[in-house]
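> Data: model_27.txt, compact mmCIF, C-alpha atoms.
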# COMPACT_ATOMS: atom_id res chain seq x y z
CA MET J 1 69.49 -15.97 -10.49
CA PRO J 2 66.57 -13.52 -10.30
CA ALA J 3 65.05 -12.54 -6.95
CA PHE J 4 61.55 -11.19 -6.42
CA VAL J 5 60.68 -9.05 -3.41
CA VAL J 6 56.98 -8.42 -2.73
CA VAL J 7 55.96 -6.08 0.07
CA GLY J 8 52.64 -6.73 1.83
CA ARG J 9 52.09 -3.52 3.79
CA LYS J 10 49.16 -4.84 5.80
CA VAL J 11 49.80 -8.59 5.72
CA CYS J 12 49.70 -10.24 9.13
CA THR J 13 52.91 -11.15 10.92
CA ASP J 14 51.76 -14.12 12.92
CA GLY J 15 50.21 -17.46 12.06
CA ASN J 16 46.94 -17.03 13.94
CA PHE J 17 44.69 -17.06 10.90
CA SER J 18 42.25 -19.56 9.49
CA LEU J 19 42.94 -21.35 6.20
CA ASN J 20 39.23 -20.78 5.49
CA ASP J 21 39.77 -17.01 5.51
CA LEU J 22 42.99 -16.11 3.72
CA THR J 23 41.71 -12.77 2.42
CA GLY J 24 40.02 -10.71 5.14
CA SER J 25 41.66 -11.22 8.50
CA THR J 26 45.15 -11.71 7.09
CA GLY J 27 45.56 -8.25 5.54
CA ARG J 28 45.37 -9.84 2.09
CA LEU J 29 47.87 -12.62 2.50
CA ASP J 30 46.09 -14.26 -0.45
CA VAL J 31 47.79 -11.79 -2.79
CA LEU J 32 51.20 -12.99 -1.63
CA LEU J 33 50.19 -16.66 -1.82
CA ARG J 34 49.41 -16.17 -5.49
CA CYS J 35 52.85 -14.58 -5.88
CA VAL J 36 54.38 -17.81 -4.56
CA ASN J 37 52.49 -19.73 -7.24
CA SER J 38 53.61 -17.33 -9.98
CA ALA J 39 57.23 -17.35 -8.88
CA PHE J 40 57.72 -21.10 -8.69
CA MET J 41 55.07 -23.07 -10.51
CA LEU J 42 55.76 -24.60 -13.91
CA SER J 43 53.75 -27.34 -15.53
CA ASN J 44 54.81 -30.45 -13.55
CA ASP J 45 57.90 -28.66 -12.25
CA ILE J 46 59.14 -25.95 -9.89
CA ARG J 47 61.41 -23.07 -10.87
CA ARG J 48 64.54 -23.95 -8.93
CA ASP J 49 66.45 -20.82 -9.93
CA ILE J 50 64.27 -18.23 -8.16
CA ASP J 51 64.34 -16.69 -4.71
CA LEU J 52 61.19 -14.97 -3.50
CA TYR J 53 61.02 -12.63 -0.50
CA LEU J 54 57.65 -11.78 1.03
CA VAL J 55 57.98 -8.74 3.26
CA LEU J 56 55.09 -8.59 5.75
CA MET J 57 54.44 -5.29 7.50
CA GLY J 58 51.03 -5.83 9.14
CA GLU J 59 50.11 -6.46 12.78
CA PRO J 60 50.92 -7.80 15.31
CA ASP J 61 54.71 -7.91 15.06
CA PRO J 62 56.20 -6.27 11.94
CA PRO J 63 58.52 -6.53 10.20
CA ARG J 64 58.66 -10.16 9.10
CA THR J 65 60.12 -11.55 5.89
CA LEU J 66 59.64 -14.98 4.42
CA ARG J 67 62.32 -16.18 2.05
CA LEU J 68 61.39 -18.99 -0.36
CA CYS J 69 64.34 -20.60 -2.12
CA GLY J 70 63.40 -22.50 -5.25
CA SER J 71 66.49 -24.68 -5.05
CA GLU J 72 65.41 -26.11 -1.68
CA LEU J 73 61.60 -25.95 -1.74
CA LYS J 74 59.56 -28.99 -0.80
CA TYR J 75 55.85 -29.59 -0.22
CA LEU J 76 54.81 -26.67 -2.45
CA ASN J 77 51.55 -27.07 -4.35
CA PRO J 78 49.92 -24.52 -6.63
CA ASP J 79 46.73 -23.84 -4.67
CA GLU J 80 46.32 -20.96 -2.22
CA ARG J 81 45.16 -23.07 0.70
CA SER J 82 48.13 -25.43 0.83
CA THR J 83 50.61 -22.57 0.37
CA GLY J 84 48.69 -20.73 3.10
CA ALA J 85 49.39 -23.69 5.42
CA LEU J 86 53.14 -23.48 4.71
CA VAL J 87 53.13 -19.74 5.41
CA LYS J 88 51.08 -20.25 8.57
CA ASN J 89 53.70 -22.70 9.83
CA ALA J 90 56.49 -20.26 9.05
CA LEU J 91 54.73 -17.40 10.84
CA MET J 92 54.29 -19.57 13.94
CA LYS J 93 58.08 -19.46 14.36
CA LYS J 94 59.64 -16.73 16.49
CA PRO J 95 62.82 -15.90 14.60
CA ASP J 96 65.95 -14.83 16.46
CA GLU J 97 68.92 -13.37 14.60
CA GLY J 98 69.02 -14.03 10.86
CA TRP J 99 66.95 -16.65 9.06
CA THR J 100 65.04 -19.45 10.80
CA MET J 101 63.99 -22.40 8.66
CA SER J 102 60.37 -23.50 8.83
CA THR J 103 59.94 -26.17 6.15
CA PRO J 104 62.54 -27.01 3.46
CA GLY J 105 63.19 -23.89 1.39
CA ILE J 106 61.07 -21.55 3.55
CA TYR J 107 62.79 -19.24 6.02
CA VAL J 108 61.54 -16.45 8.25
CA ALA J 109 63.38 -13.45 9.69
CA LYS J 110 62.52 -10.33 11.61
CA MET J 111 63.46 -7.85 8.88
CA GLY J 112 61.84 -5.48 6.42
CA LEU J 113 62.76 -4.28 2.95
CA PRO J 114 66.05 -2.58 3.96
CA GLY J 115 67.26 -5.80 5.59
CA VAL J 116 66.32 -7.88 2.54
CA LEU J 117 68.04 -5.56 0.10
CA ALA J 118 71.14 -5.45 2.28
CA GLU J 119 71.51 -9.17 1.48
CA LEU J 120 71.28 -8.58 -2.27
CA GLN J 121 73.92 -5.89 -2.71
CA GLY J 122 75.73 -5.38 -6.00
CA ARG J 123 72.79 -6.30 -8.21
CA ARG J 124 70.46 -4.15 -10.29
CA LEU J 125 67.07 -3.41 -8.78
CA VAL J 126 64.05 -3.43 -11.11
CA TYR J 127 61.12 -1.63 -9.52
CA LEU J 128 57.84 -2.70 -11.16
CA LYS J 129 55.59 0.32 -11.27
CA GLU J 130 52.85 1.57 -13.59
CA GLU J 131 54.63 4.81 -14.51
CA GLY J 132 57.95 3.13 -15.32
CA ALA J 133 59.59 2.74 -18.73
CA PRO J 134 57.96 0.14 -21.01
CA ILE J 135 59.44 -3.33 -20.56
CA SER J 136 60.00 -3.48 -24.32
CA ASP J 137 62.60 -0.68 -23.96
CA VAL J 138 64.65 -2.62 -21.42
CA VAL J 139 66.88 -5.68 -21.50
CA LEU J 140 66.28 -7.62 -18.32
CA SER J 141 68.99 -9.69 -16.69
CA GLN J 142 68.83 -13.04 -14.91
CA ASN J 143 70.58 -11.33 -12.03
CA ASP J 144 67.99 -8.59 -11.48
CA ILE J 145 66.14 -8.05 -8.21
CA PHE J 146 62.46 -7.32 -8.91
CA VAL J 147 60.68 -5.26 -6.25
CA LEU J 148 56.93 -4.68 -6.22
CA GLY J 149 54.02 -3.96 -3.91
CA GLY J 150 51.45 -6.62 -2.98
CA LYS J 151 47.91 -5.34 -2.55
CA GLU J 152 49.17 -1.80 -1.77
CA ASP J 153 51.96 0.34 -3.18
CA LEU J 154 55.23 0.54 -1.28
CA SER J 155 55.27 2.84 1.76
CA PRO J 156 57.09 6.20 1.39
CA GLU J 157 59.94 4.78 3.50
CA ASP J 158 60.28 1.72 1.26
CA GLU J 159 60.12 3.97 -1.84
CA LYS J 160 63.08 5.87 -0.39
CA THR J 161 64.97 2.63 0.19
CA VAL J 162 64.41 1.66 -3.44
CA SER J 163 65.38 5.09 -4.76
CA ALA J 164 68.59 5.05 -2.74
CA TRP J 165 69.71 1.78 -4.37
CA PRO J 166 72.82 2.28 -6.54
CA VAL J 167 71.26 0.97 -9.77
CA THR J 168 67.48 1.14 -10.00
CA LEU J 169 65.33 0.76 -13.07
CA LYS J 170 61.63 1.60 -12.88
CA ILE J 171 59.70 -0.38 -15.47
CA SER J 172 56.09 -0.92 -16.45
CA LEU J 173 54.89 -4.28 -17.77
CA GLY J 174 52.06 -2.85 -19.87
CA PRO J 175 49.36 -0.20 -20.06
CA LYS J 176 47.10 -1.88 -17.48
CA SER J 177 47.64 -2.03 -13.75
CA LEU J 178 48.21 -5.69 -12.90
CA HIS J 179 48.01 -7.74 -9.73
CA ALA J 180 51.38 -8.54 -8.17
CA ASP J 181 51.24 -12.24 -9.09
CA HIS J 182 50.49 -11.41 -12.72
CA CYS J 183 53.48 -9.03 -12.72
CA ILE J 184 55.73 -11.89 -11.61
CA THR J 185 54.34 -14.18 -14.33
CA VAL J 186 54.93 -11.58 -17.04
CA ALA J 187 58.42 -10.71 -15.79
CA LEU J 188 59.43 -14.39 -15.62
CA ASN J 189 58.11 -14.98 -19.12
CA ALA J 190 60.25 -12.07 -20.33
CA LEU J 191 63.27 -13.63 -18.60
CA ASP J 192 62.45 -17.06 -20.06
CA ARG J 193 62.47 -15.56 -23.54
CA LEU J 194 65.78 -13.69 -23.19
CA MET O 1 36.91 -9.00 -27.87
CA PRO O 2 39.17 -11.98 -27.05
CA ALA O 3 37.74 -15.24 -25.77
CA PHE O 4 39.61 -17.84 -23.75
CA VAL O 5 38.53 -21.48 -23.73
CA VAL O 6 40.12 -23.76 -21.10
CA VAL O 7 39.37 -27.48 -21.13
CA GLY O 8 39.44 -29.33 -17.81
CA ARG O 9 39.45 -32.96 -18.89
CA LYS O 10 38.88 -34.36 -15.43
CA VAL O 11 37.18 -31.45 -13.69
CA CYS O 12 33.96 -32.38 -11.91
CA THR O 13 30.60 -31.58 -13.47
CA ASP O 14 28.50 -31.12 -10.37
CA GLY O 15 28.68 -28.85 -7.34
CA ASN O 16 29.06 -31.55 -4.70
CA PHE O 17 32.54 -30.56 -3.58
CA SER O 18 33.90 -28.89 -0.47
CA LEU O 19 35.41 -25.41 -0.62
CA ASN O 20 38.05 -26.81 1.75
CA ASP O 21 39.20 -29.26 -0.93
CA LEU O 22 39.29 -27.58 -4.32
CA THR O 23 42.22 -29.65 -5.61
CA GLY O 24 41.77 -33.36 -4.97
CA SER O 25 38.14 -34.39 -5.23
CA THR O 26 37.29 -31.85 -7.94
CA GLY O 27 39.60 -33.21 -10.65
CA ARG O 28 41.74 -30.10 -10.27
CA LEU O 29 39.09 -27.45 -10.46
CA ASP O 30 41.65 -25.20 -8.70
CA VAL O 31 43.54 -24.87 -11.99
CA LEU O 32 40.46 -23.42 -13.67
CA LEU O 33 39.72 -21.12 -10.72
CA ARG O 34 43.13 -19.56 -11.19
CA CYS O 35 42.30 -19.13 -14.88
CA VAL O 36 39.27 -17.05 -13.84
CA ASN O 37 41.55 -14.82 -11.80
CA SER O 38 44.02 -14.45 -14.68
CA ALA O 39 41.34 -13.70 -17.24
CA PHE O 40 39.51 -10.98 -15.32
CA MET O 41 41.51 -9.52 -12.47
CA LEU O 42 43.19 -6.15 -12.80
CA SER O 43 44.42 -4.02 -9.94
CA ASN O 44 41.16 -2.61 -8.48
CA ASP O 45 39.28 -3.46 -11.66
CA ILE O 46 37.86 -6.30 -13.76
CA ARG O 47 38.57 -6.88 -17.44
CA ARG O 48 35.14 -6.23 -18.94
CA ASP O 49 36.16 -7.10 -22.50
CA ILE O 50 36.88 -10.82 -22.00
CA ASP O 51 34.76 -13.93 -22.25
CA LEU O 52 36.07 -17.07 -20.59
CA TYR O 53 34.74 -20.57 -21.23
CA LEU O 54 35.60 -23.38 -18.82
CA VAL O 55 34.88 -26.73 -20.43
CA LEU O 56 34.47 -29.44 -17.78
CA MET O 57 34.72 -33.06 -18.88
CA GLY O 58 34.95 -34.96 -15.57
CA GLU O 59 32.39 -37.05 -13.73
CA PRO O 60 29.50 -37.32 -13.01
CA ASP O 61 27.73 -35.64 -15.93
CA PRO O 62 30.00 -34.35 -18.72
CA PRO O 63 30.08 -32.23 -20.73
CA ARG O 64 29.46 -28.97 -18.87
CA THR O 65 30.69 -25.51 -19.85
CA LEU O 66 30.75 -22.40 -17.71
CA ARG O 67 30.76 -19.10 -19.57
CA LEU O 68 32.01 -16.06 -17.68
CA CYS O 69 31.26 -12.73 -19.36
CA GLY O 70 33.44 -9.89 -18.13
CA SER O 71 30.88 -7.30 -19.18
CA GLU O 72 28.28 -8.71 -16.78
CA LEU O 73 30.32 -10.25 -13.96
CA LYS O 74 29.47 -9.46 -10.35
CA TYR O 75 30.68 -10.81 -7.00
CA LEU O 76 34.03 -11.92 -8.42
CA ASN O 77 37.00 -11.75 -6.07
CA PRO O 78 40.57 -12.82 -6.79
CA ASP O 79 40.92 -15.70 -4.34
CA GLU O 80 40.35 -19.33 -5.24
CA ARG O 81 37.87 -20.06 -2.47
CA SER O 82 35.35 -17.33 -3.32
CA THR O 83 35.55 -18.11 -7.04
CA GLY O 84 35.10 -21.78 -6.10
CA ALA O 85 31.85 -20.81 -4.37
CA LEU O 86 30.57 -19.10 -7.54
CA VAL O 87 31.46 -22.15 -9.63
CA LYS O 88 29.87 -24.49 -7.09
CA ASN O 89 26.63 -22.49 -7.37
CA ALA O 90 26.75 -22.67 -11.16
CA LEU O 91 27.36 -26.43 -11.13
CA MET O 92 24.35 -26.94 -8.84
CA LYS O 93 22.15 -25.82 -11.75
CA LYS O 94 20.77 -28.41 -14.13
CA PRO O 95 20.93 -26.64 -17.48
CA ASP O 96 18.30 -27.29 -20.13
CA GLU O 97 18.78 -26.08 -23.69
CA GLY O 98 21.36 -23.34 -24.18
CA TRP O 99 22.82 -21.22 -21.39
CA THR O 100 21.38 -21.03 -17.87
CA MET O 101 22.44 -18.06 -15.74
CA SER O 102 23.74 -18.79 -12.25
CA THR O 103 25.00 -15.46 -10.87
CA PRO O 104 25.42 -12.27 -12.95
CA GLY O 105 27.88 -12.96 -15.77
CA ILE O 106 28.19 -16.71 -15.07
CA TYR O 107 26.28 -19.16 -17.26
CA VAL O 108 26.27 -22.94 -17.51
CA ALA O 109 25.37 -25.20 -20.42
CA LYS O 110 25.51 -28.89 -21.25
CA MET O 111 28.09 -28.61 -24.02
CA GLY O 112 31.72 -29.45 -24.70
CA LEU O 113 34.39 -27.85 -26.87
CA PRO O 114 32.59 -28.40 -30.21
CA GLY O 115 29.51 -26.63 -28.86
CA VAL O 116 31.52 -23.71 -27.54
CA LEU O 117 33.44 -23.22 -30.77
CA ALA O 118 30.22 -23.40 -32.77
CA GLU O 119 29.23 -20.18 -30.99
CA LEU O 120 32.48 -18.45 -31.97
CA GLN O 121 32.51 -19.07 -35.70
CA GLY O 122 34.32 -16.76 -38.10
CA ARG O 123 37.18 -15.92 -35.75
CA ARG O 124 40.78 -17.07 -35.68
CA LEU O 125 41.62 -19.78 -33.17
CA VAL O 126 44.92 -19.53 -31.31
CA TYR O 127 45.87 -22.87 -29.79
CA LEU O 128 48.38 -22.40 -26.96
CA LYS O 129 50.78 -25.34 -27.06
CA GLU O 130 54.42 -25.87 -26.17
CA GLU O 131 55.48 -26.93 -29.69
CA GLY O 132 53.78 -23.97 -31.41
CA ALA O 133 55.45 -21.04 -33.15
CA PRO O 134 57.03 -18.47 -30.81
CA ILE O 135 54.61 -15.74 -29.79
CA SER O 136 57.18 -13.16 -30.92
CA ASP O 137 56.66 -14.36 -34.52
CA VAL O 138 52.92 -13.72 -34.42
CA VAL O 139 50.67 -10.65 -34.34
CA LEU O 140 47.78 -11.43 -32.04
CA SER O 141 44.35 -9.91 -32.55
CA GLN O 142 41.79 -8.68 -30.03
CA ASN O 143 39.32 -10.92 -31.82
CA ASP O 144 41.25 -14.18 -31.35
CA ILE O 145 39.87 -17.23 -29.56
CA PHE O 146 42.55 -18.74 -27.30
CA VAL O 147 42.18 -22.46 -26.60
CA LEU O 148 44.27 -24.32 -24.04
CA GLY O 149 44.24 -27.31 -21.74
CA GLY O 150 43.81 -26.98 -17.96
CA LYS O 151 45.76 -29.51 -15.90
CA GLU O 152 45.87 -31.98 -18.83
CA ASP O 153 46.35 -31.57 -22.57
CA LEU O 154 43.32 -31.60 -24.82
CA SER O 155 41.84 -35.02 -25.59
CA PRO O 156 42.47 -36.47 -29.09
CA GLU O 157 38.86 -35.62 -30.00
CA ASP O 158 39.26 -32.00 -28.90
CA GLU O 159 42.57 -31.80 -30.77
CA LYS O 160 40.69 -32.88 -33.90
CA THR O 161 38.06 -30.21 -33.31
CA VAL O 162 40.77 -27.57 -33.03
CA SER O 163 42.62 -28.84 -36.12
CA ALA O 164 39.42 -28.77 -38.15
CA TRP O 165 38.86 -25.08 -37.40
CA PRO O 166 39.14 -22.93 -40.55
CA VAL O 167 41.93 -20.67 -39.23
CA THR O 168 44.09 -22.11 -36.47
CA LEU O 169 47.40 -20.81 -35.22
CA LYS O 170 49.45 -22.94 -32.83
CA ILE O 171 51.67 -20.75 -30.68
CA SER O 172 54.05 -21.16 -27.77
CA LEU O 173 54.40 -18.47 -25.11
CA GLY O 174 58.00 -19.29 -24.24
CA PRO O 175 60.51 -22.07 -23.76
CA LYS O 176 59.04 -23.30 -20.47
CA SER O 177 55.82 -25.22 -20.02
CA LEU O 178 53.48 -22.93 -18.09
CA HIS O 179 50.34 -23.47 -16.05
CA ALA O 180 47.12 -22.55 -17.84
CA ASP O 181 46.49 -19.44 -15.71
CA HIS O 182 50.00 -18.16 -16.39
CA CYS O 183 49.40 -18.69 -20.14
CA ILE O 184 46.31 -16.47 -19.92
CA THR O 185 48.22 -13.77 -18.04
CA VAL O 186 51.01 -13.75 -20.62
CA ALA O 187 48.61 -13.75 -23.58
CA LEU O 188 46.56 -10.90 -22.12
CA ASN O 189 49.70 -8.90 -21.47
CA ALA O 190 50.68 -9.40 -25.13
CA LEU O 191 47.21 -8.18 -26.16
CA ASP O 192 47.44 -5.20 -23.78
CA ARG O 193 50.69 -4.16 -25.43
CA LEU O 194 49.46 -4.43 -29.04
Show me this structure written as structure tokens.

Amino acid sequence: MPAFVVVGRKVCTDGNFSLNDLTGSTGRLDVLLRCVNSAFMLSNDIRRDIDLYLVLMGEPDPPRTLRLCGSELKYLNPDERSTGALVKNALMKKPDEGWTMSTPGIYVAKMGLPGVLAELQGRRLVYLKEEGAPISDVVLSQNDIFVLGGKEDLSPEDEKTVSAWPVTLKISLGPKSLHADHCITVALNALDRL
Amino acid sequence: MPAFVVVGRKVCTDGNFSLNDLTGSTGRLDVLLRCVNSAFMLSNDIRRDIDLYLVLMGEPDPPRTLRLCGSELKYLNPDERSTGALVKNALMKKPDEGWTMSTPGIYVAKMGLPGVLAELQGRRLVYLKEEGAPISDVVLSQNDIFVLGGKEDLSPEDEKTVSAWPVTLKISLGPKSLHADHCITVALNALDRL
């Protein structure tokens, strides 16, 4: 089962934002909300065989990670506003040790990228990056972990974490630099067509 | 230059909707707003070489088509709400003959799919449909017109219009039924990699 890990370097880590302003005051949470849509939405269906991790590193209390499990998800709709409401609820929780459930299929934990990857050991990491090898040169696997930046590139520390992974593949999805949600759509389509 | 034509069979044809409810009362305008994002948004850039037509067939005054010209577009941001505001402005206009400009790069006209296609004569039409030939069997062209349904399939009348087109190719983007915006992302990625 593929996992996607998207890092939002400036995305807010509490739920004190307005659903009428998902772009400015949230550190571009909207980018990650579109990633939720791309990861799970099919026509009249939800991809049940995907896990998505949203790593939030903005103020006031980083790190925070949301884990969305396709197999358990409920109440997910495709629009940004309703997904924003689910994320807002999750960020209102104060997680203790490990994962705290917010709504079905959505969990929150006080961890960053190293903590997330520690839970995914033994699998190949595919780092989506403009200067990587063309996707046409690579055979993807349903067991890959896809890591990518949200609005910003990964931090130098997170780059190091990725580089230190036992098996890492850096791949590019095409000649143009795409938004994170579009990257997920293209990668999933490549997996669908395997 | 590729053109995308998305038909929203139930999408509202006036601007009397709330930006806080882009899904319910609009006949699923949100689907088309995400198509705008997919068609134009690149990382820190806009695709200038795309035209997108949104054909709206819902109440109260169908047909209405919005034409978004990448070469002229201004004020476009990736989130649904701000694009919804641009569309709301355009739908407040009462178009006369031909195209009426709303904001730079966004035009509105009182026409449906036949009217749109009449402006694109001489080009190949690629109809994106689940039961079409696999995209891997086809060589796309930068001059193709891509036609697809928004939340619903095309109406029988629009299907006839597509079938009557001199050169029509029916293609499928993969084994899963995708949302319209994801179809645009995948098709553009295929064009990028030509």
> What is the distance, in Å and to one decimal place, between atom CA of His179 of chain J and atom CA of Gly150 of chain J?
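So the answer is 7.7 Å.
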> Looking at all atoms listed in the file, which of O:Leu140, O:Gly24, O:Leu117, O:Glu130 is the one that sits closest to Thr161 of chain O?
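So, comparing all the options, the nearest one is O:Leu117.
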> Calculate how many Å separate atom CA of Tyr53 of chain J from atom CA of Phe4 of chain J, rounding to one decimal.
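Computing it gives 6.1 Å between the two atoms.
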> Distance limit 8 Å, atoms considered: all atoms listed in the file. Which chain O residues sit that close to chain J? Return them as a ChimeraX atom specification.
/O:20,23,30,38,41-43,79-80,173-179,182,185-186,189,192-193
> For atom CA of Leu120 of chain J and atom CA of Ile135 of chain J, determine how far apart the two atoms are, in Å to one decimal place.
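Atom CA of Ile135 of chain J lies at a distance of 22.4 Å from atom CA of Leu120 of chain J.
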> Skip Asp14 of chain O itself and residues of its chain fewer than 4 positions away, then list as a list in words all residues within 10 Å of it, counting all atoms listed in the file.
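The residues satisfying every condition are Thr26, Leu56, Gly58, Glu59, Pro60, Asp61, Pro62, Arg64, Val87, Lys88, Asn89, Ala90, Leu91, Met92, Lys93 and Lys94 of chain O.
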> Can you list, as a ChimeraX atom specification, every protein, DNA or RNA residue that comes within 12 Å of segment 99-102 of chain J when you count only C-alpha atoms, leaving out same-chain residues fewer than 2 positions away?
/J:53,64-69,72-75,85-97,104-111,115-116,119
> Mind checking which residues fall within 9 Å of Gly149 of chain J, counting only C-alpha atoms, ignoring those fewer than 5 positions away in the same chain, and posting them as a PyMOL selection string?
chain J and resi 5-9+128-129+154-155+180
> May I ask which of the residues J:Leu32, J:Ala164, J:Ile46, J:Met1 is the closest one to Leu148 of chain J, counting only C-alpha atoms?
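Closest candidate: J:Leu32.
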> Show me, as number ranges by chain, the residues that have an atom within 8 Å of segment 121-124 of chain J when counting all atoms listed in the file, minus same-chain residues fewer than 6 positions from it.
J: 143-145, 166-169
> Would you export the selected residues with C-alpha atoms as an mmCIF file, in the frame of the given file, please?

data_model
loop_
_atom_site.group_PDB
_atom_site.id
_atom_site.type_symbol
_atom_site.label_atom_id
_atom_site.label_comp_id
_atom_site.auth_asym_id
_atom_site.auth_seq_id
_atom_site.Cartn_x
_atom_site.Cartn_y
_atom_site.Cartn_z
ATOM 1 C CA ASN J 143 70.580 -11.330 -12.030
ATOM 2 C CA ASP J 144 67.990 -8.590 -11.480
ATOM 3 C CA ILE J 145 66.140 -8.050 -8.210
ATOM 4 C CA PRO J 166 72.820 2.280 -6.540
ATOM 5 C CA VAL J 167 71.260 0.970 -9.770
ATOM 6 C CA THR J 168 67.480 1.140 -10.000
ATOM 7 C CA LEU J 169 65.330 0.760 -13.070
#
> Let me make sure I understand: among J:Val162, J:Val138, J:Val126, J:Val147, which one has the smallest atom-to-atom distance to Val55 of chain J if we use all atoms listed in the file?
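Residue with the minimum atom-to-atom distance to Val55 of chain J: J:Val147.
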> Can you patch up segment 172-193 of chain J, filling it in to N, CA and C atoms, and show the result as a short mmCIF file (atom, residue, chain, number, x, y, z; two decimals), in the frame of the given file?

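In the end it all went to result-v7.cif:
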data_model
loop_
_atom_site.label_atom_id
_atom_site.label_comp_id
_atom_site.auth_asym_id
_atom_site.auth_seq_id
_atom_site.Cartn_x
_atom_site.Cartn_y
_atom_site.Cartn_z
N SER J 172 57.50 -0.59 -16.38
CA SER J 172 56.09 -0.92 -16.45
C SER J 172 55.92 -2.11 -17.38
N LEU J 173 55.05 -3.04 -16.99
CA LEU J 173 54.89 -4.28 -17.77
C LEU J 173 53.82 -4.16 -18.85
N GLY J 174 53.11 -3.03 -18.87
CA GLY J 174 52.06 -2.85 -19.87
C GLY J 174 51.19 -1.69 -19.48
N PRO J 175 50.19 -1.38 -20.31
CA PRO J 175 49.36 -0.20 -20.06
C PRO J 175 48.32 -0.40 -18.95
N LYS J 176 48.10 -1.64 -18.53
CA LYS J 176 47.10 -1.88 -17.48
C LYS J 176 47.77 -2.18 -16.15
N SER J 177 47.10 -1.83 -15.08
CA SER J 177 47.64 -2.03 -13.75
C SER J 177 47.33 -3.46 -13.31
N LEU J 178 48.38 -4.25 -13.14
CA LEU J 178 48.21 -5.69 -12.90
C LEU J 178 48.36 -6.05 -11.42
N HIS J 179 47.77 -7.16 -11.05
CA HIS J 179 48.01 -7.74 -9.73
C HIS J 179 49.49 -8.16 -9.64
N ALA J 180 49.97 -8.21 -8.39
CA ALA J 180 51.38 -8.54 -8.17
C ALA J 180 51.76 -9.90 -8.75
N ASP J 181 50.89 -10.90 -8.59
CA ASP J 181 51.24 -12.24 -9.09
C ASP J 181 51.31 -12.25 -10.62
N HIS J 182 50.45 -11.48 -11.26
CA HIS J 182 50.49 -11.41 -12.72
C HIS J 182 51.77 -10.70 -13.17
N CYS J 183 52.20 -9.70 -12.40
CA CYS J 183 53.48 -9.03 -12.72
C CYS J 183 54.64 -10.03 -12.71
N ILE J 184 54.65 -10.89 -11.71
CA ILE J 184 55.73 -11.89 -11.61
C ILE J 184 55.68 -12.84 -12.80
N THR J 185 54.48 -13.27 -13.18
CA THR J 185 54.34 -14.18 -14.33
C THR J 185 54.87 -13.53 -15.61
N VAL J 186 54.50 -12.27 -15.82
CA VAL J 186 54.93 -11.58 -17.04
C VAL J 186 56.45 -11.35 -17.03
N ALA J 187 56.97 -10.95 -15.88
CA ALA J 187 58.42 -10.71 -15.79
C ALA J 187 59.20 -12.01 -16.02
N LEU J 188 58.73 -13.10 -15.43
CA LEU J 188 59.43 -14.39 -15.62
C LEU J 188 59.36 -14.85 -17.07
N ASN J 189 58.22 -14.62 -17.71
CA ASN J 189 58.11 -14.98 -19.12
C ASN J 189 59.10 -14.17 -19.96
N ALA J 190 59.26 -12.90 -19.61
CA ALA J 190 60.25 -12.07 -20.33
C ALA J 190 61.66 -12.62 -20.10
N LEU J 191 61.96 -13.03 -18.88
CA LEU J 191 63.27 -13.63 -18.60
C LEU J 191 63.44 -14.96 -19.33
N ASP J 192 62.39 -15.77 -19.36
CA ASP J 192 62.45 -17.06 -20.06
C ASP J 192 62.81 -16.87 -21.53
N ARG J 193 62.32 -15.76 -22.09
CA ARG J 193 62.47 -15.56 -23.54
C ARG J 193 63.71 -14.76 -23.89
#
